[in-house]
There are 2 protein chains.
Amino acid sequence: MSQEQELEIMRHSASHVMAEAMLSIFPDAKFAIGPAIEDGFYYDFDLPRTLTPDDLPVIEKKMGEIVKANLPFKHSEISKDEAKKLFASQPYKLELIEELPDDKVGIYEQGKFIDLCKGPHVKSTGEVKAFKLTSIAGAYWRGDEHNKMLQRIYGLAFNTQKELDDYQAWQEEIKKRDHRKIGKDLDLFIFTELVGKGLPLYTEKGSVIRRELERFVVDEELKRGYKHVYTPDIANVALYKMSGHYPYYKDTMYPVMKVDEEELILRPMTCPHHYQYYASKPRSYRELPFRIAELAKQYRYEKSGELTGLSRVRLFCLADGHIICTKEQAVDEINGALDLIEYITGMLGLKKGEDYRYRLSLGDRKDTKKYFKDDAAWDYAENVLRSVLTNRKAVFFEAENEAAFYGPKIDIQMKNVLGKEETAFTTQYDFVGPKRFSLTYIDSDGQEKEPIVIHRSSIGAIERTMAFLIEHYAGAFPLWLSPVQVKIIPISDRHNEHAMKVAEEMKSHGIRAEIDDRSERMNQKIRQAQMEKIPYMAVIGDKEAADNTVSVRKRNNEQLPAQPLSSFIEMLTEEIAKKTIS
Amino acid sequence: MSQEQELEIMRHSASHVMAEAMLSIFPDAKFAIGPAIEDGFYYDFDLPRTLTPDDLPVIEKKMGEIVKANLPFKHSEISKDEAKKLFASQPYKLELIEELPDDKVGIYEQGKFIDLCKGPHVKSTGEVKAFKLTSIAGAYWRGDEHNKMLQRIYGLAFNTQKELDDYQAWQEEIKKRDHRKIGKDLDLFIFTELVGKGLPLYTEKGSVIRRELERFVVDEELKRGYKHVYTPDIANVALYKMSGHYPYYKDTMYPVMKVDEEELILRPMTCPHHYQYYASKPRSYRELPFRIAELAKQYRYEKSGELTGLSRVRLFCLADGHIICTKEQAVDEINGALDLIEYITGMLGLKKGEDYRYRLSLGDRKDTKKYFKDDAAWDYAENVLRSVLTNRKAVFFEAENEAAFYGPKIDIQMKNVLGKEETAFTTQYDFVGPKRFSLTYIDSDGQEKEPIVIHRSSIGAIERTMAFLIEHYAGAFPLWLSPVQVKIIPISDRHNEHAMKVAEEMKSHGIRAEIDDRSERMNQKIRQAQMEKIPYMAVIGDKEAADNTVSVRKRNNEQLPAQPLSSFIEMLTEEIAKKTIS
């Protein structure tokens, strides 16, 4: 039996222990069902009164006694009639018994509690180790809103107290780091019913982060020889029929808009737009590699159940790019794309191996519905990608059936705060696109030849990357990304005027500074700034106003010595320019 | 008779003069029709051979003789039968005679030429002053492709030779400045059939201009206290039903996309998105004026006949903004919006009074279908706008029936290269939006109150502004907007290596430099750079490579003294930072 199965059995047994404890406290309790769940168990009860959180420690204490008594779990099988007599006062159990297909009914007994149950269970209550009741919720009998509302008690159960403690600490951390919560607390983005699900509106503060990320990636890509373009968010559906996206991705594409002579569609991908740009003139081998990049909005209709804050949306902005080059240039260009990704992740404070790893995503050659049929091309492309990873000495794993329809890819798998891996960035080898769009170049020998395409993202989808960074930094962004970089805190109202001058001076140096001129106590203002995760606070009192200095405090409460305003500004300017991770 | 009517008569007479000239050259010519047009005249002929451009001077010469002879135009009226006899050898004239409603047929005669014509005409051929034949084109008889294709000769005709010369020079200039032509010549943007009409793709070079304009306006708006946001390009149609746009602008809106539970639509306007942001929290009077700005893509389905290059498209990016403020703040905020527009137009080299002027656009109170009914609010808003313009001492004119449905506006009317005025930017007073979206603020007295909204753009729609700037500068952009700022010209191949170093040095200072390393003569390279309207050329020969200097030439051919590379870079950096109009 696997450890997981053992854990599940123990959790199920814990629910019986809780039921026994409930019976001793509420002798008239009616019992519904009590299964194991992902991190513990629950049991649904029909009780004479509504439970309150205060009840939980009492129940827990009783459970502790039952565990300590180490009562054996006894299994037996009886007939339906016997069972009906046994559970005569338990209407929910009677309903379940009625529905059993054959005459044999399994029961489990420990101490004074007997339950209708197929098992299995641990040997005795002493094997239920570390548990904790966490919450009470309403739950309809059988999940049907026409039935009676019962009371459900949730509990955690682990093999050791340490595992339980760690899990609870982790849960607390996740709750605190959830980008949806932080996004709301720090006023970074909103959703509204009238605009629609999965369509975030960035507030002033969230927009600062987005704009910084966008300009950072655009400037970096320009430096690396990309042509940074703007192409339209809509196109005639014929474009996606030609590219082959329409059949493959139709399910998540928005519907076609028919107007006059056109059949337009919101673009799910940018590649065909970039191909159109490349193909707008004859191209020479001298122009290759032809690197096109764009901050491209893309539209995919995700099911409403799958929408999650910024990480799964219906409209996102991808730092997209396509490198049109010769087969011979592919290795260099893929290396270049990975270099860029490693540079950007590094600047954002993410570590290879820790926060992300490489995945070589291969196609299933037999599945010609999902993958373009061309074995030689697949072989060649897979070898190119594998050799790039090997020669870079990159740690990677291979995954079948994860390629694009047009070729294999290298995915950068990012681990989120829940420990779950998601594809954040990608570099793909495409031997299909150039054929479909008749992309060519004139080689040095005067011959017309077919290039290949490398699809790549650099900073990924801005929305998802922002969600990731919010959770990674728990809202305490590096200075360059912080919506407000300095909170200026006048100690009393008479320092407000000087604080205004300080703010103006900072703003003229491009620093995002804000004054807290409320008539509050200094400590209250500091606490507020720390809650807002503002990197620096500049406190201004009599002395500071007289000397044109600032007393600086960081959001982690560290205090820097008082310093001339000019040297503080110099320090900030350098930290911003270097994009220091503090 | 007006001067225009006189001119039209003279032009019509010129077409008869041309017809007479044709008759003397082609005695068998069959004559169709020959009206006056906007800038001259044409006549359609059925001829024994195809005309070539070489024929035009011959015809012109003959026309000159007829004009010099000063033959009188003689008018008479004859019966249909007489006319049929007279035009027996002219099948097109016979067809026209058949269709005349009554028996009277007007004819005009000068010299040897008699035409079927109602007139009027000038007294004699000597009154035809300045003319010029410009082109030959094919034209179906009566514009019907089932009829015979005739040969049409176009001519210009003006009252004086100077007027004719000026007109021709202006036409040449317009042709040269047409942003569609320059956009193609300088490779700034493309259109493709597969993407769709009215949907421009910006190339690498066009994108440089767009990005510079976008960053310029965003940075300037941030400095002026705007919250610069990102909101989605689509929304549930309910948002536009609530705003009232849906009934008013439905004709140019894209169709609704129904998917699962949502009815989504491409946004034609940004205002309701910004209202949603404002309304996401309770707001205090301390937060007003609440200035929201966005580079917002907007979608309007223009008829295909109305699409024109970048100036009329189906998807554009508006530097949009909404100021939510109290009625009392309106004057200051409108002034602020106009200040920003004047600052931006000034930086772009556009002059108030010359390139643009103010229009106060009012509503027609009686038209309650088109304009929201609230006379008091209209009075108040119109007075606010009028007083702002008056107090600024702005020259403006008033226009009825040009307001938005929600209030009056101040439009900035920009004159394009054709001399035609178009609304480039706007500042609007809105007393309807806040009601529809229940926008409120808590005033200092604790009462909930209703703000007003000022809609404004700053640099307008990027597409239209780019079209305008391309024509204004005829492609020779100021340095900061130039896609390539410096062309480095090695005199011979042996200077290529040093040229590369110079390019790298420039790029490291953020200057967009490019090398022309073709094996061409220096003069050829200079000509090429000038054709590409590149502001500076840096020529590198033996001496320059040895001293690390550059010989600088401007696109207007002005030569600067040879100077150290570093001082050239310094000069460029300053010119870029100051956004100098050169």
# chains A, B, ... in the order shown; residues from 1 in each chain; ligands from 1
call {"tool": "residues_around", "arguments": {"residues": "A:Lys62", "least_positions_apart": "2", "cutoff": "12 Å", "atoms": "only C-alpha atoms", "output": "VMD selection string"}}
result
chain A and resid 17 to 26 55 to 60 64 to 69 133
call {"tool": "residues_around", "arguments": {"residues": "B:Lys393", "least_positions_apart": "4", "cutoff": "12 Å", "atoms": "only C-alpha atoms", "output": "ChimeraX atom specification"}}
result
/B:335,358,386-389
call {"tool": "interface_residues", "arguments": {"of": "chain B", "to": "chain A", "cutoff": "8 Å", "atoms": "only C-alpha atoms", "output": "VMD selection string"}}
result
chain B and resid 190 192 194 to 196 199 to 204 206 to 208 227 to 232 234 to 236 238 to 239 254 to 259 262 264 273 276 to 277 280 315
call {"tool": "write_last_selection", "arguments": {"atoms": "N, CA and C atoms", "output": "mmCIF file, in the first residue's frame"}}
result
data_model
loop_
_atom_site.group_PDB
_atom_site.id
_atom_site.type_symbol
_atom_site.label_atom_id
_atom_site.label_comp_id
_atom_site.auth_asym_id
_atom_site.auth_seq_id
_atom_site.Cartn_x
_atom_site.Cartn_y
_atom_site.Cartn_z
ATOM 1 N N ILE B 190 2.215 48.622 -43.272
ATOM 2 C CA ILE B 190 1.683 47.868 -44.406
ATOM 3 C C ILE B 190 0.228 47.478 -44.123
ATOM 4 N N THR B 192 -2.432 44.202 -45.356
ATOM 5 C CA THR B 192 -2.485 42.976 -46.145
ATOM 6 C C THR B 192 -3.929 42.496 -46.206
ATOM 7 N N LEU B 194 -5.058 39.467 -46.070
ATOM 8 C CA LEU B 194 -5.403 38.407 -45.117
ATOM 9 C C LEU B 194 -5.712 38.962 -43.730
ATOM 10 N N VAL B 195 -5.025 40.017 -43.340
ATOM 11 C CA VAL B 195 -5.329 40.615 -42.038
ATOM 12 C C VAL B 195 -6.642 41.386 -42.138
ATOM 13 N N GLY B 196 -6.775 42.178 -43.170
ATOM 14 C CA GLY B 196 -8.052 42.856 -43.380
ATOM 15 C C GLY B 196 -7.887 44.343 -43.635
ATOM 16 N N LEU B 199 -6.729 47.796 -41.177
ATOM 17 C CA LEU B 199 -6.020 47.253 -40.015
ATOM 18 C C LEU B 199 -4.512 47.298 -40.283
ATOM 19 N N PRO B 200 -3.866 48.434 -40.011
ATOM 20 C CA PRO B 200 -2.451 48.566 -40.346
ATOM 21 C C PRO B 200 -1.548 47.688 -39.471
ATOM 22 N N LEU B 201 -0.474 47.184 -40.092
ATOM 23 C CA LEU B 201 0.610 46.539 -39.357
ATOM 24 C C LEU B 201 1.779 47.509 -39.408
ATOM 25 N N TYR B 202 2.288 47.900 -38.264
ATOM 26 C CA TYR B 202 3.426 48.807 -38.227
ATOM 27 C C TYR B 202 4.696 48.000 -38.391
ATOM 28 N N THR B 203 5.544 48.439 -39.300
ATOM 29 C CA THR B 203 6.835 47.789 -39.480
ATOM 30 C C THR B 203 7.763 48.212 -38.347
ATOM 31 N N GLU B 204 8.987 47.674 -38.400
ATOM 32 C CA GLU B 204 9.996 48.072 -37.411
ATOM 33 C C GLU B 204 10.112 49.596 -37.340
ATOM 34 N N GLY B 206 8.057 52.115 -38.569
ATOM 35 C CA GLY B 206 6.839 52.805 -38.131
ATOM 36 C C GLY B 206 6.613 52.630 -36.645
ATOM 37 N N SER B 207 6.991 51.449 -36.134
ATOM 38 C CA SER B 207 6.798 51.178 -34.711
ATOM 39 C C SER B 207 7.685 52.062 -33.846
ATOM 40 N N VAL B 208 8.859 52.423 -34.365
ATOM 41 C CA VAL B 208 9.731 53.330 -33.602
ATOM 42 C C VAL B 208 9.001 54.653 -33.368
ATOM 43 N N LYS B 227 -3.485 59.227 -13.612
ATOM 44 C CA LYS B 227 -3.341 57.812 -13.305
ATOM 45 C C LYS B 227 -3.386 57.114 -14.655
ATOM 46 N N HIS B 228 -2.279 56.512 -15.064
ATOM 47 C CA HIS B 228 -2.248 55.890 -16.391
ATOM 48 C C HIS B 228 -2.543 54.416 -16.260
ATOM 49 N N VAL B 229 -3.652 53.962 -16.831
ATOM 50 C CA VAL B 229 -4.134 52.602 -16.584
ATOM 51 C C VAL B 229 -4.162 51.755 -17.850
ATOM 52 N N TYR B 230 -4.432 50.474 -17.634
ATOM 53 C CA TYR B 230 -4.683 49.531 -18.726
ATOM 54 C C TYR B 230 -6.049 48.898 -18.453
ATOM 55 N N THR B 231 -6.965 49.016 -19.386
ATOM 56 C CA THR B 231 -8.247 48.317 -19.225
ATOM 57 C C THR B 231 -8.505 47.498 -20.490
ATOM 58 N N PRO B 232 -9.353 46.482 -20.393
ATOM 59 C CA PRO B 232 -9.472 45.545 -21.519
ATOM 60 C C PRO B 232 -10.167 46.141 -22.747
ATOM 61 N N ILE B 234 -12.174 44.607 -24.622
ATOM 62 C CA ILE B 234 -13.535 44.096 -24.811
ATOM 63 C C ILE B 234 -14.289 44.232 -23.496
ATOM 64 N N ALA B 235 -15.588 44.187 -23.581
ATOM 65 C CA ALA B 235 -16.421 44.254 -22.389
ATOM 66 C C ALA B 235 -17.762 43.645 -22.724
ATOM 67 N N ASN B 236 -18.488 43.307 -21.691
ATOM 68 C CA ASN B 236 -19.852 42.862 -21.910
ATOM 69 C C ASN B 236 -20.651 44.024 -22.505
ATOM 70 N N ALA B 238 -23.430 44.921 -22.015
ATOM 71 C CA ALA B 238 -24.227 45.598 -20.974
ATOM 72 C C ALA B 238 -23.571 46.904 -20.541
ATOM 73 N N LEU B 239 -22.227 46.924 -20.567
ATOM 74 C CA LEU B 239 -21.502 48.135 -20.177
ATOM 75 C C LEU B 239 -21.846 49.289 -21.112
ATOM 76 N N TYR B 254 -18.608 46.920 -33.627
ATOM 77 C CA TYR B 254 -18.478 45.554 -34.133
ATOM 78 C C TYR B 254 -19.615 44.717 -33.552
ATOM 79 N N PRO B 255 -19.933 43.578 -34.169
ATOM 80 C CA PRO B 255 -21.047 42.791 -33.643
ATOM 81 C C PRO B 255 -20.712 42.152 -32.289
ATOM 82 N N VAL B 256 -21.751 41.862 -31.536
ATOM 83 C CA VAL B 256 -21.610 41.207 -30.233
ATOM 84 C C VAL B 256 -21.110 39.779 -30.439
ATOM 85 N N MET B 257 -20.184 39.346 -29.564
ATOM 86 C CA MET B 257 -19.711 37.959 -29.589
ATOM 87 C C MET B 257 -20.350 37.210 -28.427
ATOM 88 N N LYS B 258 -21.212 36.265 -28.745
ATOM 89 C CA LYS B 258 -21.852 35.488 -27.677
ATOM 90 C C LYS B 258 -21.009 34.259 -27.379
ATOM 91 N N VAL B 259 -20.554 34.156 -26.149
ATOM 92 C CA VAL B 259 -19.820 32.958 -25.746
ATOM 93 C C VAL B 259 -20.280 32.602 -24.344
ATOM 94 N N GLU B 262 -21.483 35.081 -21.551
ATOM 95 C CA GLU B 262 -21.188 36.493 -21.819
ATOM 96 C C GLU B 262 -21.609 36.931 -23.230
ATOM 97 N N LEU B 264 -19.995 39.658 -25.404
ATOM 98 C CA LEU B 264 -18.867 40.588 -25.410
ATOM 99 C C LEU B 264 -18.844 41.423 -26.678
ATOM 100 N N HIS B 273 -15.147 52.027 -19.135
ATOM 101 C CA HIS B 273 -14.108 51.284 -18.420
ATOM 102 C C HIS B 273 -13.518 52.152 -17.309
ATOM 103 N N GLN B 276 -15.765 52.460 -14.386
ATOM 104 C CA GLN B 276 -15.754 51.256 -13.559
ATOM 105 C C GLN B 276 -14.578 51.296 -12.585
ATOM 106 N N TYR B 277 -13.455 51.791 -13.054
ATOM 107 C CA TYR B 277 -12.288 51.909 -12.176
ATOM 108 C C TYR B 277 -12.592 52.906 -11.056
ATOM 109 N N SER B 280 -14.836 51.592 -8.350
ATOM 110 C CA SER B 280 -14.462 50.349 -7.675
ATOM 111 C C SER B 280 -14.289 50.537 -6.166
ATOM 112 N N LEU B 315 -9.371 50.131 -36.351
ATOM 113 C CA LEU B 315 -8.870 49.852 -35.000
ATOM 114 C C LEU B 315 -7.801 50.899 -34.746
#
call {"tool": "closest_residue", "arguments": {"among": "A:His179, A:Arg142, A:Lys162, A:Lys112", "to": "A:Leu469", "atoms": "only C-alpha atoms"}}
result
A:His179
call {"tool": "select_by_dssp", "arguments": {"residues": "stretch 174-321 of chain A", "states": "alpha helix (DSSP H)", "output": "count of residues only"}}
result
51
call {"tool": "residues_around", "arguments": {"residues": "B:Tyr371", "least_positions_apart": "6", "cutoff": "10 Å", "atoms": "only C-alpha atoms", "output": "mmCIF file with C-alpha atoms, in the first residue's frame"}}
result
data_model
loop_
_atom_site.group_PDB
_atom_site.id
_atom_site.type_symbol
_atom_site.label_atom_id
_atom_site.label_comp_id
_atom_site.auth_asym_id
_atom_site.auth_seq_id
_atom_site.Cartn_x
_atom_site.Cartn_y
_atom_site.Cartn_z
ATOM 1 C CA TYR B 248 -25.904 56.076 -30.310
ATOM 2 C CA GLY B 363 -25.610 70.543 -29.396
ATOM 3 C CA ASP B 364 -28.938 71.165 -31.026
ATOM 4 C CA ARG B 365 -31.263 71.356 -28.025
ATOM 5 C CA TRP B 378 -26.259 72.322 -21.469
ATOM 6 C CA ASN B 401 -24.856 70.206 -33.922
ATOM 7 C CA ALA B 403 -21.492 68.111 -29.635
ATOM 8 C CA ALA B 404 -21.394 64.645 -28.055
ATOM 9 C CA PHE B 405 -24.714 63.250 -26.860
ATOM 10 C CA TYR B 406 -23.643 63.895 -23.280
ATOM 11 C CA GLY B 407 -22.507 67.510 -23.577
ATOM 12 C CA PRO B 408 -20.662 70.212 -25.547
#
call {"tool": "select_by_dssp", "arguments": {"residues": "stretch 388-447 of chain A", "states": "strand (DSSP E or B)", "output": "PyMOL selection string"}}
result
chain A and resi 396-399+404+407+409-415+421-430+441-442
call {"tool": "residues_around", "arguments": {"residues": "B:Tyr167", "least_positions_apart": "5", "cutoff": "9 Å", "atoms": "only C-alpha atoms", "output": "PyMOL selection string"}}
result
chain B and resi 39+158+162+172
call {"tool": "residues_around", "arguments": {"residues": "A:Lys132", "least_positions_apart": "4", "cutoff": "8 Å", "atoms": "only C-alpha atoms", "output": "PyMOL selection string"}}
result
chain A and resi 60+155-157
call {"tool": "residues_around", "arguments": {"residues": "A:Glu77", "least_positions_apart": "6", "cutoff": "10 Å", "atoms": "only C-alpha atoms", "output": "number ranges by chain"}}
result
A: 83, 103-108, 116-118
call {"tool": "write_last_selection", "arguments": {"atoms": "N, CA, C and O atoms", "output": "PDB file, in the first residue's frame"}}
result
ATOM      1  N   ALA A  83     -29.287  -4.073   9.469  1.00  0.00           N
ATOM      2  CA  ALA A  83     -28.747  -2.720   9.403  1.00  0.00           C
ATOM      3  C   ALA A  83     -29.841  -1.694   9.670  1.00  0.00           C
ATOM      4  O   ALA A  83     -29.640  -0.713  10.377  1.00  0.00           O
ATOM      5  N   ASP A 103     -27.466  -7.449  -0.399  1.00  0.00           N
ATOM      6  CA  ASP A 103     -27.974  -7.546   0.970  1.00  0.00           C
ATOM      7  C   ASP A 103     -26.898  -7.376   2.038  1.00  0.00           C
ATOM      8  O   ASP A 103     -27.184  -7.243   3.214  1.00  0.00           O
ATOM      9  N   LYS A 104     -25.628  -7.410   1.609  1.00  0.00           N
ATOM     10  CA  LYS A 104     -24.555  -7.297   2.589  1.00  0.00           C
ATOM     11  C   LYS A 104     -24.246  -5.834   2.898  1.00  0.00           C
ATOM     12  O   LYS A 104     -23.972  -5.047   1.993  1.00  0.00           O
ATOM     13  N   VAL A 105     -24.251  -5.508   4.173  1.00  0.00           N
ATOM     14  CA  VAL A 105     -23.990  -4.134   4.578  1.00  0.00           C
ATOM     15  C   VAL A 105     -22.783  -4.118   5.503  1.00  0.00           C
ATOM     16  O   VAL A 105     -22.763  -4.824   6.517  1.00  0.00           O
ATOM     17  N   GLY A 106     -21.730  -3.336   5.093  1.00  0.00           N
ATOM     18  CA  GLY A 106     -20.534  -3.270   5.926  1.00  0.00           C
ATOM     19  C   GLY A 106     -20.713  -2.252   7.046  1.00  0.00           C
ATOM     20  O   GLY A 106     -21.270  -1.178   6.829  1.00  0.00           O
ATOM     21  N   ILE A 107     -20.291  -2.614   8.243  1.00  0.00           N
ATOM     22  CA  ILE A 107     -20.304  -1.640   9.340  1.00  0.00           C
ATOM     23  C   ILE A 107     -18.963  -1.656  10.051  1.00  0.00           C
ATOM     24  O   ILE A 107     -18.233  -2.651  10.025  1.00  0.00           O
ATOM     25  N   TYR A 108     -18.640  -0.504  10.650  1.00  0.00           N
ATOM     26  CA  TYR A 108     -17.419  -0.379  11.447  1.00  0.00           C
ATOM     27  C   TYR A 108     -17.815   0.150  12.803  1.00  0.00           C
ATOM     28  O   TYR A 108     -18.704   1.010  12.917  1.00  0.00           O
ATOM     29  N   LEU A 116     -22.100   3.012   9.296  1.00  0.00           N
ATOM     30  CA  LEU A 116     -22.273   2.311   8.023  1.00  0.00           C
ATOM     31  C   LEU A 116     -21.041   2.642   7.180  1.00  0.00           C
ATOM     32  O   LEU A 116     -20.810   3.803   6.850  1.00  0.00           O
ATOM     33  N   CYS A 117     -20.194   1.618   6.858  1.00  0.00           N
ATOM     34  CA  CYS A 117     -18.918   1.962   6.223  1.00  0.00           C
ATOM     35  C   CYS A 117     -18.271   0.749   5.604  1.00  0.00           C
ATOM     36  O   CYS A 117     -18.239  -0.319   6.191  1.00  0.00           O
ATOM     37  N   LYS A 118     -17.761   0.943   4.388  1.00  0.00           N
ATOM     38  CA  LYS A 118     -17.058  -0.153   3.711  1.00  0.00           C
ATOM     39  C   LYS A 118     -15.614  -0.258   4.163  1.00  0.00           C
ATOM     40  O   LYS A 118     -14.938  -1.233   3.870  1.00  0.00           O
TER      41      LYS A 118
END
call {"tool": "residues_around", "arguments": {"residues": "stretch 346-349 of chain A", "least_positions_apart": "4", "cutoff": "8 Å", "atoms": "only C-alpha atoms", "output": "ChimeraX atom specification"}}
result
/A:342,579-581
call {"tool": "atom_distance", "arguments": {"atom1": "atom CA of A:Lys373", "atom2": "atom CA of A:Glu287"}}
result
29.7 Å
call {"tool": "atom_distance", "arguments": {"atom1": "atom CA of B:Ile454", "atom2": "atom CA of B:Asp251"}}
result
24.7 Å
call {"tool": "atom_distance", "arguments": {"atom1": "atom CA of B:Arg283", "atom2": "atom CA of B:Tyr441"}}
result
5.0 Å
call {"tool": "closest_residue", "arguments": {"among": "B:Thr573, B:Asn70, B:Ser582, B:Gln110", "to": "B:Asn556", "atoms": "only C-alpha atoms"}}
result
B:Ser582
